[in-house]
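> Input input-v4.txt, format and content: compact mmCIF, C-alpha atoms and all ligand atoms.
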```txt
# COMPACT_ATOMS: atom_id res chain seq x y z
CA MET K 1 -45.40 -5.61 36.00
CA ARG K 2 -45.18 -1.97 37.23
CA ARG K 3 -42.84 -1.64 40.24
CA LEU K 4 -43.90 0.25 43.36
CA GLY K 5 -42.35 3.66 43.94
CA THR K 6 -40.86 2.47 47.25
CA ARG K 7 -38.28 -0.09 48.32
CA HIS K 8 -39.75 -0.69 51.77
CA LEU K 9 -43.37 -0.78 52.94
CA LEU K 10 -43.35 0.76 56.41
CA SER K 11 -46.38 3.03 56.07
CA VAL K 12 -49.29 3.42 53.67
CA SER K 13 -47.77 6.86 53.03
CA ASP K 14 -44.85 5.12 51.25
CA LEU K 15 -47.35 4.49 48.43
CA ASP K 16 -49.02 6.94 46.07
CA ARG K 17 -52.40 6.31 44.53
CA GLU K 18 -50.99 4.51 41.52
CA ASP K 19 -49.01 2.20 43.84
CA VAL K 20 -52.13 1.34 45.85
CA GLU K 21 -54.09 0.68 42.66
CA THR K 22 -51.26 -1.55 41.41
CA VAL K 23 -51.32 -3.61 44.63
CA LEU K 24 -55.11 -3.99 44.36
CA GLU K 25 -54.94 -5.06 40.72
CA VAL K 26 -52.14 -7.58 41.27
CA ALA K 27 -53.96 -8.95 44.33
CA ARG K 28 -57.14 -9.33 42.29
CA GLN K 29 -55.23 -11.35 39.70
CA MET K 30 -53.46 -13.44 42.37
CA LYS K 31 -56.78 -14.31 44.03
CA ALA K 32 -58.57 -15.08 40.74
CA ARG K 33 -55.75 -17.36 39.59
CA PHE K 34 -55.64 -19.12 42.95
CA LEU K 35 -59.40 -19.70 42.93
CA ALA K 36 -59.13 -21.01 39.35
CA GLY K 37 -56.84 -23.74 40.67
CA GLU K 38 -53.39 -22.22 40.11
CA ARG K 39 -52.07 -22.86 43.60
CA VAL K 40 -48.50 -21.76 42.95
CA ILE K 41 -47.54 -18.72 40.86
CA PRO K 42 -43.75 -19.02 41.02
CA VAL K 43 -42.67 -15.39 40.61
CA LEU K 44 -40.43 -15.61 43.72
CA GLU K 45 -38.87 -18.99 43.01
CA GLY K 46 -35.74 -19.45 45.12
CA LYS K 47 -36.40 -16.29 47.15
CA THR K 48 -36.51 -16.06 50.93
CA LEU K 49 -38.44 -13.91 53.38
CA GLY K 50 -37.60 -13.57 57.08
CA LEU K 51 -40.45 -12.84 59.49
CA VAL K 52 -39.55 -11.29 62.85
CA PHE K 53 -42.22 -11.14 65.55
CA GLU K 54 -41.94 -9.16 68.75
CA LYS K 55 -45.69 -9.68 69.40
CA PRO K 56 -48.09 -12.59 68.80
CA SER K 57 -49.81 -13.10 65.45
CA THR K 58 -52.16 -15.55 63.77
CA ARG K 59 -53.23 -13.95 60.46
CA THR K 60 -50.07 -12.05 59.60
CA ARG K 61 -47.73 -14.90 60.31
CA ILE K 62 -49.71 -17.63 58.58
CA SER K 63 -50.69 -15.52 55.56
CA PHE K 64 -47.10 -14.38 54.95
CA GLU K 65 -45.75 -17.93 55.33
CA VAL K 66 -48.37 -19.37 52.98
CA ALA K 67 -47.99 -16.44 50.57
CA MET K 68 -44.26 -17.12 50.14
CA HIS K 69 -45.00 -20.81 49.53
CA GLN K 70 -47.64 -19.95 46.92
CA LEU K 71 -45.15 -17.65 45.15
CA GLY K 72 -42.57 -20.42 44.94
CA GLY K 73 -40.35 -18.99 47.69
CA VAL K 74 -39.86 -19.80 51.34
CA ALA K 75 -40.45 -17.94 54.62
CA PHE K 76 -38.56 -18.33 57.89
CA THR K 77 -40.16 -17.11 61.12
CA TYR K 78 -38.29 -15.88 64.21
CA SER K 79 -39.46 -14.40 67.46
CA ARG K 80 -37.37 -11.38 68.39
CA ASP K 81 -36.24 -13.07 71.59
CA GLU K 82 -34.66 -16.01 69.82
CA LEU K 83 -32.49 -13.63 67.78
CA GLN K 84 -29.47 -11.88 69.24
CA LEU K 85 -31.58 -8.73 68.84
CA GLY K 86 -33.40 -9.88 71.98
CA ARG K 87 -30.05 -9.85 73.86
CA GLY K 88 -29.19 -6.35 72.75
CA GLU K 89 -27.45 -6.78 69.37
CA ALA K 90 -27.65 -3.42 67.59
CA ILE K 91 -30.57 -3.08 65.17
CA LYS K 92 -28.08 -1.81 62.61
CA ASP K 93 -25.99 -4.98 62.79
CA THR K 94 -28.96 -7.36 62.73
CA ALA K 95 -30.48 -5.49 59.78
CA ALA K 96 -27.27 -5.49 57.77
CA VAL K 97 -26.70 -9.21 58.33
CA MET K 98 -30.30 -10.31 57.68
CA GLY K 99 -30.12 -8.35 54.42
CA ARG K 100 -27.12 -10.49 53.41
CA TYR K 101 -29.04 -13.75 53.83
CA LEU K 102 -32.61 -12.92 52.85
CA ASP K 103 -34.47 -11.32 49.94
CA GLY K 104 -36.93 -9.51 52.22
CA VAL K 105 -37.80 -9.04 55.89
CA MET K 106 -41.20 -8.54 57.52
CA ILE K 107 -41.17 -7.16 61.05
CA ARG K 108 -43.87 -6.85 63.73
CA THR K 109 -42.73 -4.50 66.47
CA GLY K 110 -44.06 -2.14 69.12
CA ASP K 111 -41.65 0.60 68.10
CA HIS K 112 -42.14 2.14 64.67
CA SER K 113 -38.88 4.08 64.89
CA ALA K 114 -36.97 0.79 65.42
CA LEU K 115 -38.59 -0.50 62.24
CA GLU K 116 -37.44 2.62 60.37
CA GLU K 117 -33.94 2.18 61.76
CA PHE K 118 -33.92 -1.46 60.67
CA ALA K 119 -35.00 -0.48 57.14
CA ARG K 120 -32.23 2.16 56.93
CA TYR K 121 -29.55 -0.49 57.44
CA CYS K 122 -31.11 -3.37 55.54
CA ASP K 123 -30.30 -3.78 51.85
CA VAL K 124 -33.46 -5.76 51.03
CA PRO K 125 -37.14 -4.67 51.21
CA VAL K 126 -38.53 -4.36 54.76
CA ILE K 127 -42.29 -4.74 55.31
CA ASN K 128 -44.20 -3.50 58.36
CA GLY K 129 -46.21 -6.45 59.72
CA LEU K 130 -47.73 -4.11 62.37
CA SER K 131 -46.09 -1.46 64.51
CA ASP K 132 -47.47 0.80 67.23
CA LEU K 133 -48.11 3.39 64.50
CA GLU K 134 -49.35 1.49 61.45
CA HIS K 135 -50.54 -1.77 59.93
CA PRO K 136 -50.20 -1.12 56.17
CA CYS K 137 -50.68 -4.72 54.93
CA GLN K 138 -53.96 -4.83 56.85
CA ALA K 139 -55.20 -1.53 55.36
CA LEU K 140 -54.34 -2.57 51.81
CA THR K 141 -56.30 -5.78 52.40
CA ASP K 142 -59.17 -3.78 53.84
CA VAL K 143 -59.58 -1.49 50.82
CA PHE K 144 -59.19 -4.55 48.56
CA THR K 145 -62.03 -6.24 50.47
CA VAL K 146 -64.23 -3.14 50.26
CA VAL K 147 -63.76 -2.98 46.47
CA GLU K 148 -64.44 -6.71 46.20
CA LYS K 149 -67.67 -6.41 48.21
CA LEU K 150 -68.99 -2.99 47.12
CA GLY K 151 -67.23 -2.08 43.87
CA GLU K 152 -64.70 0.62 42.96
CA GLY K 153 -66.15 3.47 45.04
CA PRO K 154 -65.53 6.11 46.25
CA HIS K 155 -66.92 4.76 49.53
CA THR K 156 -67.63 6.10 53.00
CA VAL K 157 -65.63 4.10 55.55
CA VAL K 158 -66.54 4.75 59.19
CA PHE K 159 -64.05 3.58 61.79
CA VAL K 160 -65.62 3.38 65.25
CA GLY K 161 -63.07 3.27 68.06
CA ASP K 162 -59.42 3.78 68.88
CA GLY K 163 -57.13 5.84 66.62
CA ASN K 164 -54.64 2.98 66.64
CA ASN K 165 -52.29 1.44 64.04
CA VAL K 166 -55.16 -0.15 62.09
CA CYS K 167 -57.22 3.06 62.07
CA SER K 168 -54.23 5.18 61.02
CA SER K 169 -53.28 2.97 58.08
CA LEU K 170 -56.92 2.71 56.99
CA ALA K 171 -57.37 6.50 57.11
CA LEU K 172 -54.30 6.87 54.87
CA ALA K 173 -55.44 4.15 52.46
CA CYS K 174 -58.96 5.60 52.11
CA ALA K 175 -57.60 9.12 51.61
CA THR K 176 -55.17 7.83 48.97
CA LEU K 177 -58.08 6.33 47.02
CA GLY K 178 -60.13 9.53 47.29
CA TRP K 179 -62.69 7.96 49.63
CA ARG K 180 -64.46 9.48 52.64
CA PHE K 181 -63.07 8.36 56.00
CA VAL K 182 -65.00 9.14 59.17
CA HIS K 183 -63.50 8.43 62.57
CA ALA K 184 -65.93 8.13 65.50
CA VAL K 185 -63.70 8.44 68.54
CA PRO K 186 -63.79 9.75 72.12
CA GLU K 187 -61.58 12.74 72.81
CA GLY K 188 -57.95 11.83 73.49
CA TYR K 189 -57.92 8.65 71.36
CA GLU K 190 -57.60 10.17 67.87
CA CYS K 191 -54.90 9.06 65.39
CA PRO K 192 -51.45 10.57 65.94
CA GLU K 193 -51.28 14.16 64.68
CA GLU K 194 -48.67 13.53 61.96
CA VAL K 195 -50.65 10.60 60.50
CA TRP K 196 -53.86 12.62 60.44
CA ARG K 197 -52.14 15.60 58.74
CA GLU K 198 -50.83 13.25 56.05
CA ALA K 199 -54.32 11.72 55.62
CA GLU K 200 -55.72 15.27 55.21
CA ARG K 201 -53.06 16.16 52.64
CA ARG K 202 -53.84 12.97 50.71
CA ALA K 203 -57.60 13.56 50.90
CA ASP K 204 -57.01 17.04 49.41
CA ARG K 205 -54.74 15.69 46.69
CA TYR K 206 -56.92 12.73 45.71
CA GLY K 207 -60.38 14.23 46.20
CA GLY K 208 -61.48 12.39 49.37
CA SER K 209 -62.08 13.58 52.92
CA VAL K 210 -61.18 12.62 56.48
CA GLU K 211 -63.19 13.74 59.48
CA VAL K 212 -63.47 13.13 63.22
CA VAL K 213 -66.87 12.91 64.93
CA ARG K 214 -67.72 12.13 68.55
CA ASP K 215 -71.19 10.58 68.12
CA PRO K 216 -71.03 7.04 66.67
CA GLU K 217 -74.71 7.12 65.60
CA GLU K 218 -74.15 10.32 63.67
CA ALA K 219 -70.97 8.83 62.17
CA VAL K 220 -72.54 5.66 60.72
CA LYS K 221 -75.58 7.24 59.11
CA ASP K 222 -74.06 7.39 55.60
CA ALA K 223 -71.63 4.48 56.05
CA ASP K 224 -70.87 1.95 53.34
CA VAL K 225 -68.48 0.26 55.76
CA VAL K 226 -68.52 0.20 59.57
CA TYR K 227 -65.09 -0.84 60.81
CA THR K 228 -63.89 -1.44 64.34
CA ASP K 229 -60.83 -2.80 66.15
CA VAL K 230 -59.93 -3.66 69.74
CA TRP K 231 -60.06 -0.98 72.43
CA VAL K 232 -56.86 -2.32 74.03
CA SER K 233 -54.13 -2.99 71.46
CA MET K 234 -51.03 -5.08 72.15
CA GLY K 235 -48.85 -2.86 74.31
CA ASP K 236 -51.77 -0.78 75.74
CA GLU K 237 -52.62 -3.28 78.49
CA ASP K 238 -51.63 -0.84 81.27
CA GLU K 239 -54.46 1.47 80.19
CA LYS K 240 -57.05 -1.30 80.03
CA GLU K 241 -59.50 -0.03 82.68
CA GLU K 242 -59.68 3.57 81.43
CA ARG K 243 -59.93 2.43 77.81
CA LEU K 244 -62.83 0.06 78.46
CA LYS K 245 -64.66 2.96 80.09
CA ALA K 246 -63.87 5.50 77.37
CA PHE K 247 -64.89 3.22 74.49
CA LYS K 248 -68.03 1.67 76.01
CA PRO K 249 -70.36 4.02 74.08
CA TYR K 250 -68.51 3.07 70.87
CA GLN K 251 -69.48 -0.60 70.70
CA VAL K 252 -70.55 -1.82 67.26
CA ASN K 253 -73.80 -3.60 68.14
CA GLU K 254 -77.19 -4.16 66.53
CA GLU K 255 -78.51 -0.87 67.81
CA LEU K 256 -75.68 1.10 66.22
CA MET K 257 -75.97 -0.89 62.97
CA SER K 258 -79.70 -0.07 62.83
CA LYS K 259 -78.64 3.57 62.27
CA ALA K 260 -76.42 2.62 59.31
CA PRO K 261 -77.75 2.16 55.75
CA ASP K 262 -78.98 -1.38 55.01
CA HIS K 263 -76.16 -2.07 52.56
CA ALA K 264 -73.39 -1.20 55.05
CA ILE K 265 -70.92 -4.02 55.72
CA VAL K 266 -69.04 -4.64 58.97
CA MET K 267 -65.29 -5.12 59.10
CA HIS K 268 -62.70 -5.92 61.79
CA CYS K 269 -59.01 -6.74 61.30
CA MET K 270 -59.24 -9.49 64.01
CA PRO K 271 -58.52 -10.70 66.65
CA ILE K 272 -61.87 -9.52 68.07
CA GLN K 273 -62.60 -9.01 71.75
CA ARG K 274 -66.16 -10.25 71.31
CA GLY K 275 -68.65 -8.44 73.55
CA TYR K 276 -66.46 -5.35 73.76
CA GLU K 277 -65.88 -3.43 70.50
CA LEU K 278 -68.09 -5.86 68.52
CA THR K 279 -71.02 -8.00 69.67
CA ASP K 280 -71.51 -11.63 68.62
CA GLU K 281 -74.79 -10.70 66.91
CA VAL K 282 -73.06 -8.27 64.55
CA ALA K 283 -69.80 -10.22 64.11
CA ASP K 284 -71.79 -13.29 63.06
CA SER K 285 -74.43 -11.41 61.02
CA GLU K 286 -74.78 -11.37 57.24
CA ARG K 287 -73.32 -7.86 57.13
CA SER K 288 -70.04 -9.07 58.59
CA VAL K 289 -67.21 -9.81 56.13
CA ILE K 290 -64.54 -10.51 58.74
CA TYR K 291 -63.48 -13.94 57.53
CA ASP K 292 -63.30 -12.88 53.87
CA GLN K 293 -61.23 -9.92 55.02
CA ALA K 294 -58.83 -12.23 56.87
CA GLU K 295 -58.65 -14.56 53.84
CA ASN K 296 -57.72 -11.64 51.60
CA ARG K 297 -54.58 -10.95 53.66
CA LEU K 298 -53.06 -13.90 51.79
CA HIS K 299 -53.72 -12.60 48.29
CA VAL K 300 -52.90 -8.96 49.01
CA GLN K 301 -49.62 -9.94 50.63
CA LYS K 302 -48.75 -12.10 47.63
CA ALA K 303 -49.19 -8.95 45.55
CA ILE K 304 -47.03 -6.88 47.92
CA LEU K 305 -44.31 -9.55 47.97
CA ALA K 306 -44.33 -10.03 44.20
CA LEU K 307 -44.09 -6.26 43.66
CA LEU K 308 -41.34 -5.64 46.26
CA LEU K 309 -39.24 -8.81 45.98
CA GLY K 310 -39.95 -9.84 42.39
N1 LIG Q 1 -55.08 -8.68 61.80
C1 LIG Q 1 -53.89 -9.18 62.19
O1 LIG Q 1 -52.82 -8.64 61.89
O2 LIG Q 1 -53.99 -10.33 62.92
P1 LIG Q 1 -52.81 -11.10 63.68
O3 LIG Q 1 -52.45 -10.26 64.88
O4 LIG Q 1 -53.40 -12.41 64.04
O5 LIG Q 1 -51.64 -11.22 62.74
N1 LIG Q 2 -54.73 -2.74 66.98
C1 LIG Q 2 -54.45 -4.13 67.21
C2 LIG Q 2 -54.38 -4.86 65.91
C3 LIG Q 2 -54.05 -6.31 65.99
C4 LIG Q 2 -53.97 -6.96 64.64
C5 LIG Q 2 -53.14 -4.26 67.99
O1 LIG Q 2 -52.18 -3.54 67.68
O2 LIG Q 2 -53.08 -5.08 68.93
```
Can I see the file as structure tokens?

Amino acid sequence: MRRLGTRHLLSVSDLDREDVETVLEVARQMKARFLAGERVIPVLEGKTLGLVFEKPSTRTRISFEVAMHQLGGVAFTYSRDELQLGRGEAIKDTAAVMGRYLDGVMIRTGDHSALEEFARYCDVPVINGLSDLEHPCQALTDVFTVVEKLGEGPHTVVFVGDGNNVCSSLALACATLGWRFVHAVPEGYECPEEVWREAERRADRYGGSVEVVRDPEEAVKDADVVYTDVWVSMGDEDEKEERLKAFKPYQVNEELMSKAPDHAIVMHCMPIQRGYELTDEVADSERSVIYDQAENRLHVQKAILALLLG
């Protein structure tokens, strides 16, 4: 199996195009074998993964735990506050020690620079399970799901809403595959500058494009995929009122979807704030692939784990 050109997975930008294609191919095989009845593919037999959560999680936690089981290994989950980290132990010390016990560590944190610091001092692969800046495992699953539903592409992926962690990683993943990424966003809520610059560089290198538009109806008119995420991410609760106001015109509802091509699918990383960024009618419509997308987290993460820890 080809190895990835990175030891850690902190950002989609740790991967080049060949790396992303390798993850997608291994994930495709993992899923096909699982569906054919091969419930355990023991490429990580005897290996251990630590999961550290500073924020809640349903999909990421369960899919990583089950993924390790299905690879013949075992996962141990800790909330940050039950580790000495929560009482002020230095990140450097925690990282060095966890690296002595475990074969890999997945971290969900609100502070991307803390994740980078942890990875610097940890001798085993560190995986970003969501930070304030990125959600790379989600984005890899998302492009996997798009290929599964619509074929190889290139595709036009339209993200309607906040330039948050999910949007940033998805922009990078689409650009790395040479796809077209359109971000419909109100002024002031775009992706962080350095992420967008990297997405532009990748789009140039790999033959895709990334663009920002203000009008969601204009944005979706050539969409193959209409993607949205919450308007108030974990950690943004203080800005709730102003965000709900700013994003109101950016709701993915039946009216907006009537402006998209008939074949366009609807995606959301979940959890959904139903009735805000996505209406029930659209979330529960035939266009929506949200549950398949969530299911694919399992198989894509098995690929990531096999490639990084194997
Ligand atoms: N999409 C996602 O990461 O979901 P959780 O917050 O439930 O892990
Ligand atoms: N943008 C959301 C994603 C949750 C999976 C958040 O950070 O809360």
> Produce as a list in words the set of residues near ligand LIG 2 (chain Q), where near means within 7 Å with only C-alpha atoms and all ligand atoms considered.
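Based on only C-alpha atoms and all ligand atoms, ligand LIG 2 (chain Q) is surrounded within 7 Å by Leu130, Asp132, Asn164, Asn165, Val166, Asp229, Val230, Val232, Ser233, Met234, Cys269, Met270 and Pro271 of chain K.
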> Using all atoms listed in the file, which protein or nucleic acid residues are at most 10 Å from ligand LIG 1 (chain Q), as a PyMOL selection string?
chain K and resi 53+55-64+108+129-130+135-139+141+166+229+233-234+268-272+293-294+297
> Measuring between all atoms listed in the file, which one of K:Ser209, K:Ser258, K:Thr279, K:Thr77 shows the shortest distance to Thr228 of chain K?
K:Thr279
> Which neighbours of Leu83 of chain K fall inside 12 Å, counting all atoms listed in the file, when residues of the same chain fewer than 2 positions from it are skipped, and could you give them as a PyMOL selection string?
chain K and resi 50-54+77-81+85-91+93-95+97-98
> Go through K:Ser13, K:Gln273, K:Ser285, K:Thr176 and flag the residue nearest Tyr206 of chain K, using all atoms listed in the file for the distances.
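Distance minimum relative to Tyr206 of chain K lands on K:Thr176.
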> Taking (-75.3, 9.6, 61.5) in the coordinates of the supplied file, I want to know which residues reach to within 12 Å of it, counting all atoms listed in the file; could you give the answer as a list in words?
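Residues close enough to count: Thr156, Val158, Val182, His183, Ala184, Val213, Arg214, Asp215, Pro216, Glu217, Glu218, Ala219, Val220, Lys221, Asp222, Ala223, Val226, Leu256, Met257, Ser258, Lys259, Ala260 and Pro261 of chain K.
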> Would you mind reading off the distance between atom CA of Glu21 of chain K and atom CA of Val210 of chain K, one decimal, in Å?
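Calculated distance between atom CA of Glu21 of chain K and atom CA of Val210 of chain K is 19.6 Å.
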> Counting all atoms listed in the file, find the residues whose atoms lie at most 9 Å from (-36.6, -4.0, 58.1) (file coordinates) and write them out as an NGL selection string.
:K and (8 or 10 or 95 or 98-99 or 104-107 or 114-128)
> Please provide as a PDB file with C-alpha atoms, in the frame of the given file all residues within 9 Å of segment 28-32 of chain K, with the sequence filter that same-chain residues fewer than 5 positions apart are discarded (counting all atoms listed in the file).

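Output (around20.pdb):
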```pdb
ATOM      1  CA  VAL K  23     -51.320  -3.610  44.630  1.00  0.00           C
ATOM      2  CA  GLY K  37     -56.840 -23.740  40.670  1.00  0.00           C
ATOM      3  CA  GLU K  38     -53.390 -22.220  40.110  1.00  0.00           C
ATOM      4  CA  ILE K  41     -47.540 -18.720  40.860  1.00  0.00           C
ATOM      5  CA  PHE K 144     -59.190  -4.550  48.560  1.00  0.00           C
ATOM      6  CA  GLU K 148     -64.440  -6.710  46.200  1.00  0.00           C
ATOM      7  CA  ASN K 296     -57.720 -11.640  51.600  1.00  0.00           C
ATOM      8  CA  LEU K 298     -53.060 -13.900  51.790  1.00  0.00           C
ATOM      9  CA  HIS K 299     -53.720 -12.600  48.290  1.00  0.00           C
ATOM     10  CA  VAL K 300     -52.900  -8.960  49.010  1.00  0.00           C
ATOM     11  CA  LYS K 302     -48.750 -12.100  47.630  1.00  0.00           C
ATOM     12  CA  ALA K 303     -49.190  -8.950  45.550  1.00  0.00           C
TER      13      ALA K 303
END
```
